[in-house]
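J.: Take a look at protein32.cif, mmCIF, C-alpha atoms:
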data_my_file
#
loop_
_atom_site.group_PDB
_atom_site.id
_atom_site.type_symbol
_atom_site.label_atom_id
_atom_site.label_comp_id
_atom_site.auth_asym_id
_atom_site.auth_seq_id
_atom_site.Cartn_x
_atom_site.Cartn_y
_atom_site.Cartn_z
ATOM 1 C CA MET O 1 -118.013 -55.732 104.939
ATOM 2 C CA ASP O 2 -117.140 -59.267 106.086
ATOM 3 C CA ASP O 3 -114.676 -59.624 103.240
ATOM 4 C CA GLY O 4 -112.952 -62.394 105.142
ATOM 5 C CA ASN O 5 -116.094 -64.518 105.415
ATOM 6 C CA GLU O 6 -116.229 -66.996 102.574
ATOM 7 C CA ALA O 7 -119.938 -67.792 102.924
ATOM 8 C CA PHE O 8 -120.749 -64.061 102.728
ATOM 9 C CA HIS O 9 -118.578 -63.656 99.668
ATOM 10 C CA ILE O 10 -120.092 -66.652 97.864
ATOM 11 C CA ALA O 11 -123.667 -65.556 98.686
ATOM 12 C CA LEU O 12 -122.994 -62.098 97.242
ATOM 13 C CA GLU O 13 -121.393 -63.496 94.098
ATOM 14 C CA LYS O 14 -124.253 -65.927 93.474
ATOM 15 C CA GLY O 15 -127.013 -63.546 94.590
ATOM 16 C CA GLU O 16 -128.112 -66.079 97.178
ATOM 17 C CA ALA O 17 -130.005 -65.273 100.355
ATOM 18 C CA ARG O 18 -128.057 -65.198 103.635
ATOM 19 C CA PHE O 19 -130.233 -66.666 106.386
ATOM 20 C CA PHE O 20 -130.286 -65.682 110.053
ATOM 21 C CA ARG O 21 -132.063 -66.606 113.254
ATOM 22 C CA ALA O 22 -132.843 -64.360 116.188
ATOM 23 C CA SER O 23 -134.250 -64.886 119.655
ATOM 24 C CA ARG O 24 -133.880 -63.370 123.127
ATOM 25 C CA GLY O 25 -132.262 -60.255 121.712
ATOM 26 C CA SER O 26 -129.434 -61.966 119.868
ATOM 27 C CA ALA O 27 -128.981 -62.943 116.247
ATOM 28 C CA LYS O 28 -126.877 -65.582 114.584
ATOM 29 C CA GLY O 29 -125.885 -66.290 111.004
ATOM 30 C CA LYS O 30 -123.195 -67.957 108.957
ATOM 31 C CA THR O 31 -121.997 -64.942 107.003
ATOM 32 C CA GLY O 32 -119.944 -63.124 109.607
ATOM 33 C CA LEU O 33 -120.416 -60.715 112.482
ATOM 34 C CA GLU O 34 -120.917 -57.578 110.403
ATOM 35 C CA ASP O 35 -123.548 -59.200 108.193
ATOM 36 C CA THR O 36 -125.329 -60.590 111.247
ATOM 37 C CA ALA O 37 -125.195 -57.169 112.921
ATOM 38 C CA ARG O 38 -126.703 -55.665 109.797
ATOM 39 C CA PHE O 39 -129.495 -58.247 109.902
ATOM 40 C CA ALA O 40 -130.108 -57.490 113.584
ATOM 41 C CA GLU O 41 -130.296 -53.750 112.905
ATOM 42 C CA ASN O 42 -132.764 -54.207 110.031
ATOM 43 C CA LEU O 43 -134.804 -56.597 112.131
ATOM 44 C CA MET O 44 -135.113 -54.050 114.949
ATOM 45 C CA ILE O 45 -136.093 -51.260 112.541
ATOM 46 C CA LEU O 46 -138.671 -53.338 110.695
ATOM 47 C CA GLN O 47 -140.158 -54.722 113.911
ATOM 48 C CA GLU O 48 -140.435 -51.193 115.289
ATOM 49 C CA CYS O 49 -142.189 -50.020 112.114
ATOM 50 C CA ALA O 50 -144.555 -53.014 112.260
ATOM 51 C CA ILE O 51 -145.392 -52.384 115.910
ATOM 52 C CA LEU O 52 -146.048 -48.677 115.278
ATOM 53 C CA ILE O 53 -148.339 -49.318 112.309
ATOM 54 C CA GLY O 54 -149.998 -52.371 113.854
ATOM 55 C CA GLU O 55 -150.845 -50.497 117.035
ATOM 56 C CA LYS O 56 -152.224 -47.428 115.248
ATOM 57 C CA LEU O 57 -154.501 -49.500 113.049
ATOM 58 C CA GLU O 58 -155.187 -52.374 115.462
ATOM 59 C CA MET O 59 -154.115 -54.897 112.842
ATOM 60 C CA GLY O 60 -152.905 -57.403 115.425
ATOM 61 C CA ALA O 61 -149.496 -58.967 115.815
ATOM 62 C CA VAL O 62 -146.986 -58.909 112.985
ATOM 63 C CA ALA O 63 -146.146 -62.290 111.476
ATOM 64 C CA ARG O 64 -143.693 -61.180 108.777
ATOM 65 C CA ALA O 65 -142.227 -58.092 107.147
ATOM 66 C CA THR O 66 -140.084 -57.342 104.114
ATOM 67 C CA PHE O 67 -138.506 -54.329 102.431
ATOM 68 C CA TYR O 68 -136.522 -53.340 99.395
ATOM 69 C CA GLU O 69 -133.654 -50.908 99.734
ATOM 70 C CA GLY O 70 -131.487 -50.237 96.709
ATOM 71 C CA ASP O 71 -130.789 -53.656 95.236
ATOM 72 C CA ASP O 72 -131.257 -55.464 98.548
ATOM 73 C CA THR O 73 -134.212 -57.407 99.873
ATOM 74 C CA PHE O 74 -134.538 -57.843 103.618
ATOM 75 C CA GLY O 75 -137.199 -59.687 105.560
ATOM 76 C CA PHE O 76 -138.163 -61.786 108.507
ATOM 77 C CA CYS O 77 -140.966 -63.993 109.755
ATOM 78 C CA PHE O 78 -141.723 -65.585 113.082
ATOM 79 C CA ASP O 79 -141.035 -69.273 113.426
ATOM 80 C CA GLN O 80 -144.479 -70.653 114.178
ATOM 81 C CA ASN O 81 -142.930 -73.831 115.591
ATOM 82 C CA SER O 82 -141.101 -71.886 118.287
ATOM 83 C CA ASP O 83 -142.326 -71.300 121.816
ATOM 84 C CA SER O 84 -144.885 -68.490 121.791
ATOM 85 C CA GLN O 85 -143.460 -67.242 125.112
ATOM 86 C CA ASP O 86 -140.010 -67.103 123.574
ATOM 87 C CA PRO O 87 -140.587 -66.715 119.848
ATOM 88 C CA GLU O 88 -137.794 -67.193 117.359
ATOM 89 C CA VAL O 89 -137.404 -65.120 114.252
ATOM 90 C CA ALA O 90 -135.999 -66.312 110.955
ATOM 91 C CA GLY O 91 -134.840 -63.775 108.405
ATOM 92 C CA ALA O 92 -132.705 -63.185 105.362
ATOM 93 C CA ILE O 93 -130.910 -60.608 103.242
ATOM 94 C CA VAL O 94 -130.227 -60.986 99.535
ATOM 95 C CA ASN O 95 -128.400 -58.577 97.247
ATOM 96 C CA ARG O 96 -131.135 -58.442 94.603
ATOM 97 C CA ARG O 97 -134.814 -57.601 94.487
ATOM 98 C CA LEU O 98 -136.539 -60.936 94.834
ATOM 99 C CA PRO O 99 -140.329 -61.059 94.594
ATOM 100 C CA MET O 100 -141.454 -60.592 98.184
ATOM 101 C CA GLU O 101 -143.612 -63.716 98.317
ATOM 102 C CA GLU O 102 -140.783 -65.885 96.971
ATOM 103 C CA PHE O 103 -138.409 -64.304 99.458
ATOM 104 C CA VAL O 104 -140.680 -64.982 102.458
ATOM 105 C CA SER O 105 -141.211 -68.562 101.228
ATOM 106 C CA SER O 106 -137.435 -69.075 101.138
ATOM 107 C CA ILE O 107 -137.217 -67.849 104.755
ATOM 108 C CA ARG O 108 -139.976 -70.285 105.774
ATOM 109 C CA ASP O 109 -138.123 -73.092 103.967
ATOM 110 C CA SER O 110 -134.970 -72.203 105.885
ATOM 111 C CA ILE O 111 -136.894 -72.723 109.144
ATOM 112 C CA ASN O 112 -137.727 -76.279 108.183
ATOM 113 C CA GLU O 113 -134.213 -77.172 107.038
ATOM 114 C CA MET K 1 -152.594 -35.486 88.104
ATOM 115 C CA SER K 2 -156.078 -34.098 88.568
ATOM 116 C CA PRO K 3 -158.009 -35.041 91.718
ATOM 117 C CA LYS K 4 -160.452 -36.947 89.506
ATOM 118 C CA THR K 5 -157.677 -38.997 87.849
ATOM 119 C CA LEU K 6 -156.046 -39.603 91.221
ATOM 120 C CA SER K 7 -159.304 -40.792 92.709
ATOM 121 C CA SER K 8 -160.183 -43.055 89.771
ATOM 122 C CA SER K 9 -156.678 -44.619 89.661
ATOM 123 C CA LEU K 10 -156.672 -45.380 93.370
ATOM 124 C CA SER K 11 -160.290 -46.545 93.322
ATOM 125 C CA ALA K 12 -159.291 -49.005 90.566
ATOM 126 C CA LEU K 13 -156.448 -50.214 92.775
ATOM 127 C CA LYS K 14 -158.954 -50.662 95.598
ATOM 128 C CA THR K 15 -160.972 -53.120 93.483
ATOM 129 C CA THR K 16 -157.893 -55.230 92.608
ATOM 130 C CA GLY K 17 -157.586 -58.688 94.170
ATOM 131 C CA SER K 18 -158.260 -58.732 97.904
ATOM 132 C CA VAL K 19 -157.453 -55.045 98.469
ATOM 133 C CA PHE K 20 -159.623 -53.523 101.193
ATOM 134 C CA GLY K 21 -158.010 -50.138 101.603
ATOM 135 C CA VAL K 22 -155.879 -47.547 99.824
ATOM 136 C CA PHE K 23 -154.195 -44.482 101.271
ATOM 137 C CA LEU K 24 -151.988 -41.750 99.783
ATOM 138 C CA SER K 25 -150.259 -38.953 101.695
ATOM 139 C CA ASN K 26 -147.807 -36.133 101.203
ATOM 140 C CA GLY K 27 -145.830 -35.709 104.401
ATOM 141 C CA ASP K 28 -148.463 -35.973 107.112
ATOM 142 C CA ARG K 29 -151.201 -34.618 104.795
ATOM 143 C CA VAL K 30 -153.699 -37.188 103.544
ATOM 144 C CA LEU K 31 -154.288 -36.784 99.787
ATOM 145 C CA PHE K 32 -156.615 -39.744 99.330
ATOM 146 C CA GLN K 33 -157.980 -42.536 101.460
ATOM 147 C CA ASP K 34 -160.494 -45.266 100.997
ATOM 148 C CA ALA K 35 -159.888 -47.621 103.890
ATOM 149 C CA PRO K 36 -162.080 -49.030 106.685
ATOM 150 C CA PHE K 37 -160.534 -46.910 109.420
ATOM 151 C CA SER K 38 -161.773 -43.856 111.275
ATOM 152 C CA GLU K 39 -160.510 -40.423 110.252
ATOM 153 C CA ALA K 40 -158.485 -40.265 113.457
ATOM 154 C CA ARG K 41 -156.768 -43.570 112.618
ATOM 155 C CA ILE K 42 -156.053 -42.438 109.076
ATOM 156 C CA ALA K 43 -154.538 -39.209 110.424
ATOM 157 C CA GLU K 44 -152.403 -41.292 112.791
ATOM 158 C CA LEU K 45 -151.331 -43.537 109.927
ATOM 159 C CA ALA K 46 -150.232 -40.481 107.932
ATOM 160 C CA THR K 47 -148.207 -39.212 110.889
ATOM 161 C CA THR K 48 -146.713 -42.649 111.573
ATOM 162 C CA LEU K 49 -145.674 -43.223 107.953
ATOM 163 C CA ASP K 50 -144.215 -39.713 107.878
ATOM 164 C CA ASP K 51 -142.229 -40.429 111.062
ATOM 165 C CA ILE K 52 -140.965 -43.711 109.613
ATOM 166 C CA ALA K 53 -139.931 -42.058 106.346
ATOM 167 C CA LEU K 54 -138.162 -39.242 108.226
ATOM 168 C CA TYR K 55 -136.375 -41.771 110.401
ATOM 169 C CA PHE K 56 -134.997 -43.478 107.303
ATOM 170 C CA VAL K 57 -133.854 -40.138 105.878
ATOM 171 C CA GLN K 58 -132.084 -39.272 109.143
ATOM 172 C CA GLU K 59 -130.393 -42.685 109.176
ATOM 173 C CA ASN K 60 -129.348 -42.215 105.538
ATOM 174 C CA ARG K 61 -131.441 -45.223 104.610
ATOM 175 C CA SER K 62 -133.746 -45.401 101.628
ATOM 176 C CA PRO K 63 -136.155 -48.346 101.593
ATOM 177 C CA ASP K 64 -138.820 -47.677 98.973
ATOM 178 C CA GLN K 65 -141.165 -50.643 99.349
ATOM 179 C CA LEU K 66 -142.154 -52.310 102.617
ATOM 180 C CA SER K 67 -144.676 -55.033 103.297
ATOM 181 C CA PHE K 68 -146.108 -56.227 106.596
ATOM 182 C CA GLY K 69 -148.158 -59.286 107.376
ATOM 183 C CA PHE K 70 -150.388 -58.796 110.411
ATOM 184 C CA ASP K 71 -152.945 -61.135 111.965
ATOM 185 C CA GLY K 72 -155.622 -58.730 110.715
ATOM 186 C CA GLY K 73 -154.378 -58.282 107.150
ATOM 187 C CA ASN K 74 -151.442 -57.249 105.015
ATOM 188 C CA LEU K 75 -150.028 -53.853 104.245
ATOM 189 C CA LEU K 76 -147.855 -52.673 101.396
ATOM 190 C CA VAL K 77 -146.156 -49.294 101.784
ATOM 191 C CA PHE K 78 -144.336 -47.250 99.139
ATOM 192 C CA ILE K 79 -142.121 -44.318 100.070
ATOM 193 C CA GLU K 80 -141.240 -41.885 97.296
ATOM 194 C CA GLY K 81 -139.840 -38.614 98.586
ATOM 195 C CA GLU K 82 -142.604 -36.889 100.522
ATOM 196 C CA HIS K 83 -145.248 -39.222 99.138
ATOM 197 C CA ARG K 84 -146.430 -42.428 100.772
ATOM 198 C CA LEU K 85 -148.842 -44.955 99.365
ATOM 199 C CA ALA K 86 -150.340 -47.696 101.525
ATOM 200 C CA VAL K 87 -152.358 -50.633 100.212
ATOM 201 C CA PHE K 88 -154.243 -52.934 102.590
ATOM 202 C CA PHE K 89 -155.080 -56.443 101.374
ATOM 203 C CA HIS K 90 -156.121 -59.858 102.684
ATOM 204 C CA HIS K 91 -154.215 -62.454 100.652
ATOM 205 C CA ALA K 92 -150.472 -62.366 101.278
ATOM 206 C CA GLY K 93 -149.802 -64.156 97.983
ATOM 207 C CA GLU K 94 -150.964 -61.064 96.047
ATOM 208 C CA VAL K 95 -148.170 -58.854 97.363
ATOM 209 C CA ASP K 96 -146.012 -58.795 94.223
ATOM 210 C CA LEU K 97 -148.877 -58.296 91.783
ATOM 211 C CA LEU K 98 -150.316 -55.475 93.872
ATOM 212 C CA ALA K 99 -146.842 -53.993 94.251
ATOM 213 C CA GLU K 100 -146.532 -53.896 90.470
ATOM 214 C CA PHE K 101 -149.834 -52.010 90.104
ATOM 215 C CA ALA K 102 -149.072 -49.703 93.008
ATOM 216 C CA ARG K 103 -145.553 -48.966 91.756
ATOM 217 C CA SER K 104 -146.922 -48.129 88.325
ATOM 218 C CA PHE K 105 -149.434 -45.716 89.879
ATOM 219 C CA MET K 106 -146.750 -44.173 92.100
ATOM 220 C CA LYS K 107 -144.459 -43.611 89.117
ATOM 221 C CA ASP K 108 -147.210 -41.834 87.144
ATOM 222 C CA PHE K 109 -148.285 -39.838 90.172
ATOM 223 C CA VAL K 110 -144.802 -38.642 91.087
ATOM 224 C CA SER K 111 -144.075 -37.795 87.423
ATOM 225 C CA SER K 112 -147.248 -35.706 87.234
ATOM 226 C CA VAL K 113 -146.343 -33.913 90.474
ATOM 227 C CA LEU K 114 -142.875 -33.131 89.079
ATOM 228 C CA ILE K 115 -144.363 -31.832 85.823
ATOM 229 C CA GLU K 116 -146.842 -29.672 87.734
ATOM 230 C CA ASP K 117 -144.017 -28.318 89.904
ATOM 231 C CA PHE K 118 -141.903 -27.659 86.830
ATOM 232 C CA GLN K 119 -144.747 -25.882 85.064
ATOM 233 C CA ALA K 120 -145.463 -23.801 88.152
ATOM 234 C CA MET K 121 -141.770 -22.955 88.444
ATOM 235 C CA GLY K 122 -141.626 -22.097 84.734
ATOM 236 C CA VAL K 123 -144.572 -19.719 84.979
ATOM 237 C CA SER K 124 -143.054 -18.161 88.078
ATOM 238 C CA ARG K 125 -139.697 -17.668 86.349
ATOM 239 C CA ALA K 126 -141.378 -16.263 83.260
ATOM 240 C CA GLN K 127 -143.253 -13.825 85.474
ATOM 241 C CA ASP K 128 -139.991 -12.854 87.193
ATOM 242 C CA ARG K 129 -138.334 -12.328 83.821
ATOM 243 C CA THR K 130 -141.215 -10.214 82.539
ATOM 244 C CA ASN K 131 -141.278 -8.184 85.741
ATOM 245 C CA GLY K 132 -137.498 -7.783 85.559
ATOM 246 C CA ASN K 133 -137.601 -6.586 81.948
ATOM 247 C CA THR K 134 -140.421 -4.193 82.671
ATOM 248 C CA ALA K 135 -138.521 -2.765 85.640
ATOM 249 C CA ARG K 136 -135.307 -2.433 83.596
ATOM 250 C CA ILE K 137 -137.116 -0.690 80.689
ATOM 251 C CA ALA K 138 -138.867 1.612 83.131
ATOM 252 C CA ALA K 139 -135.529 2.442 84.796
ATOM 253 C CA GLN K 140 -133.926 3.131 81.406
ATOM 254 C CA ALA K 141 -136.808 5.340 80.365
ATOM 255 C CA LYS K 142 -136.424 7.414 83.521
ATOM 256 C CA ALA K 143 -132.621 7.619 83.317
ATOM 257 C CA PRO K 144 -131.247 11.028 82.200
ATOM 258 C CA ILE K 145 -129.391 11.120 78.889
ATOM 259 C CA ASP K 146 -125.642 11.037 79.418
ATOM 260 C CA PRO K 147 -124.229 13.880 77.265
ATOM 261 C CA THR K 148 -120.714 12.416 77.439
ATOM 262 C CA SER K 149 -121.659 9.018 75.985
ATOM 263 C CA PRO K 150 -120.281 8.688 72.457
ATOM 264 C CA ILE K 151 -122.742 8.600 69.644
ATOM 265 C CA GLN K 152 -122.428 5.458 67.614
ATOM 266 C CA PRO K 153 -122.506 5.952 63.868
ATOM 267 C CA ILE K 154 -125.585 4.558 62.225
ATOM 268 C CA GLN K 155 -124.798 1.617 60.012
ATOM 269 C CA PRO K 156 -126.561 1.628 56.660
ATOM 270 C CA ILE K 157 -129.085 -1.164 56.213
ATOM 271 C CA ARG K 158 -128.073 -3.567 53.488
#
With the file now loaded, output its structure as structure tokens.

T.:
Amino acid sequence: MDDGNEAFHIALEKGEARFFRASRGSAKGKTGLEDTARFAENLMILQECAILIGEKLEMGAVARATFYEGDDTFGFCFDQNSDSQDPEVAGAIVNRRLPMEEFVSSIRDSINE
Amino acid sequence: MSPKTLSSSLSALKTTGSVFGVFLSNGDRVLFQDAPFSEARIAELATTLDDIALYFVQENRSPDQLSFGFDGGNLLVFIEGEHRLAVFFHHAGEVDLLAEFARSFMKDFVSSVLIEDFQAMGVSRAQDRTNGNTARIAAQAKAPIDPTSPIQPIQPIR
């Protein structure tokens, strides 16, 4: 996957998070099309899960979500600085199991960079 | 794991940190719940988590720990085969500590289920074997003696 993308390759080698942004149904990242498509797919799945659970239990809107799958950690959170009518999402994937709180903090930091 | 052990383990989890609800299911069957939701909501949660887990299986995906931060609280979900554990809590910063406790419980619980299944299977197989032997001995006892079968010489006992 994205073997030709240097940033993707370096992130995998160093176990660093690859950051993405999404809004208005499209996602962008610096680690290649396939990696960005993977982020977009995970984002849709996790948002769908959050909506299903949130609606059933009336827990309100989802602000962030994370999951572990194999050795990967995936997550996203809404950019609170973005327009509420057109919210932006920031997210990341990393090829190791980072503590979830640390992972979400790194996504929030990426928003402010 | 006995129902009493299950209940006491999950009740202990319920009193950890800012936890305000615990839920355990097998498929869409609720095994334990202590959460501030109506029975109907809990039943819906069981069905929803089951649907989500099945979706992942169909997609050949295997996430085992998910966490969600809602306006009204946080939720940690573990998926282990047919079993799902959900922990509701207030403080998002507790997610990793609670995950450690919950994962430890889940590991013990799933191990005990496997042992119980194995023991049940073992008893069942033993019963099959006993029934099989009994049937074979009964069949042999009823079988007519074959006059053409050669008689084996009796070996002296040393």

J.: Have a look at K:Phe118, K:Phe109, K:Phe101, K:Phe68 and name the one nearest to Ile53 of chain O; count only C-alpha atoms.

T.: K:Phe68

J.: Using only C-alpha atoms, determine which residues of chain K fall within 9 Å of chain O; present them as a PDB file with C-alpha atoms, in the coordinates of the input.

T.:
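Wrote it out as part-v5.pdb, contents follow:
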ATOM      1  CA  PHE K  37    -160.534 -46.910 109.420  1.00  0.00           C
ATOM      2  CA  ARG K  41    -156.768 -43.570 112.618  1.00  0.00           C
ATOM      3  CA  ILE K  42    -156.053 -42.438 109.076  1.00  0.00           C
ATOM      4  CA  GLU K  44    -152.403 -41.292 112.791  1.00  0.00           C
ATOM      5  CA  LEU K  45    -151.331 -43.537 109.927  1.00  0.00           C
ATOM      6  CA  THR K  48    -146.713 -42.649 111.573  1.00  0.00           C
ATOM      7  CA  LEU K  49    -145.674 -43.223 107.953  1.00  0.00           C
ATOM      8  CA  ILE K  52    -140.965 -43.711 109.613  1.00  0.00           C
ATOM      9  CA  ARG K  61    -131.441 -45.223 104.610  1.00  0.00           C
ATOM     10  CA  SER K  62    -133.746 -45.401 101.628  1.00  0.00           C
ATOM     11  CA  PRO K  63    -136.155 -48.346 101.593  1.00  0.00           C
ATOM     12  CA  ASP K  64    -138.820 -47.677  98.973  1.00  0.00           C
ATOM     13  CA  GLN K  65    -141.165 -50.643  99.349  1.00  0.00           C
ATOM     14  CA  LEU K  66    -142.154 -52.310 102.617  1.00  0.00           C
ATOM     15  CA  SER K  67    -144.676 -55.033 103.297  1.00  0.00           C
ATOM     16  CA  PHE K  68    -146.108 -56.227 106.596  1.00  0.00           C
ATOM     17  CA  GLY K  69    -148.158 -59.286 107.376  1.00  0.00           C
ATOM     18  CA  PHE K  70    -150.388 -58.796 110.411  1.00  0.00           C
ATOM     19  CA  ASP K  71    -152.945 -61.135 111.965  1.00  0.00           C
ATOM     20  CA  GLY K  72    -155.622 -58.730 110.715  1.00  0.00           C
ATOM     21  CA  GLY K  73    -154.378 -58.282 107.150  1.00  0.00           C
ATOM     22  CA  ASN K  74    -151.442 -57.249 105.015  1.00  0.00           C
ATOM     23  CA  ALA K  92    -150.472 -62.366 101.278  1.00  0.00           C
ATOM     24  CA  GLY K  93    -149.802 -64.156  97.983  1.00  0.00           C
ATOM     25  CA  GLU K  94    -150.964 -61.064  96.047  1.00  0.00           C
ATOM     26  CA  VAL K  95    -148.170 -58.854  97.363  1.00  0.00           C
ATOM     27  CA  ASP K  96    -146.012 -58.795  94.223  1.00  0.00           C
TER      28      ASP K  96
END

J.: Determine, counting all atoms listed in the file, every residue of protein, DNA or RNA that lies within 10 Å of (-148.2, -50.4, 93.1) in the file coordinates, then give the result as a PyMOL selection string.

T.: chain K and resi 10+13+65+76-78+85-87+95-107

J.: Report, in Å to a single decimal, how far apart atom CA of Met1 of chain K and atom CA of Phe20 of chain K are.

T.: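 Distance reported for this atom pair: 23.4 Å.
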
J.: Using atom CA of Gly21 of chain K and atom CA of Ile93 of chain O as the two end points, give the distance in Å to one decimal.

T.: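 Interatomic distance here is 29.1 Å.
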
J.: Is it possible to get the axis-aligned box enclosing segment 85-88 of chain K (all listed atoms, 8 Å extra per side) as AutoDock Vina command-line options, with centre and edge lengths in Å rounded to one decimal?

T.:
--center_x -151.5 --center_y -48.9 --center_z 101.0 --size_x 21.4 --size_y 24.0 --size_z 19.2

J.: What is the atom CA of Ser7 of chain K-atom CA of Ala43 of chain K distance in Å, reported with one decimal?

T.: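 So the two atoms, atom CA of Ser7 of chain K and atom CA of Ala43 of chain K, lie 18.4 Å apart.
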
J.: Can you pull out the residues contacting segment 104-107 of chain O? Cut-off 7 Å, using only C-alpha atoms, and skip same-chain residues under 6 positions away; I want them as number ranges by chain.

T.: O: 90-92

J.: For Arg38 of chain O, which of O:Glu13, O:Arg18, O:Glu6, O:Phe78 is the closest residue, counting all atoms listed in the file?

T.: O:Arg18
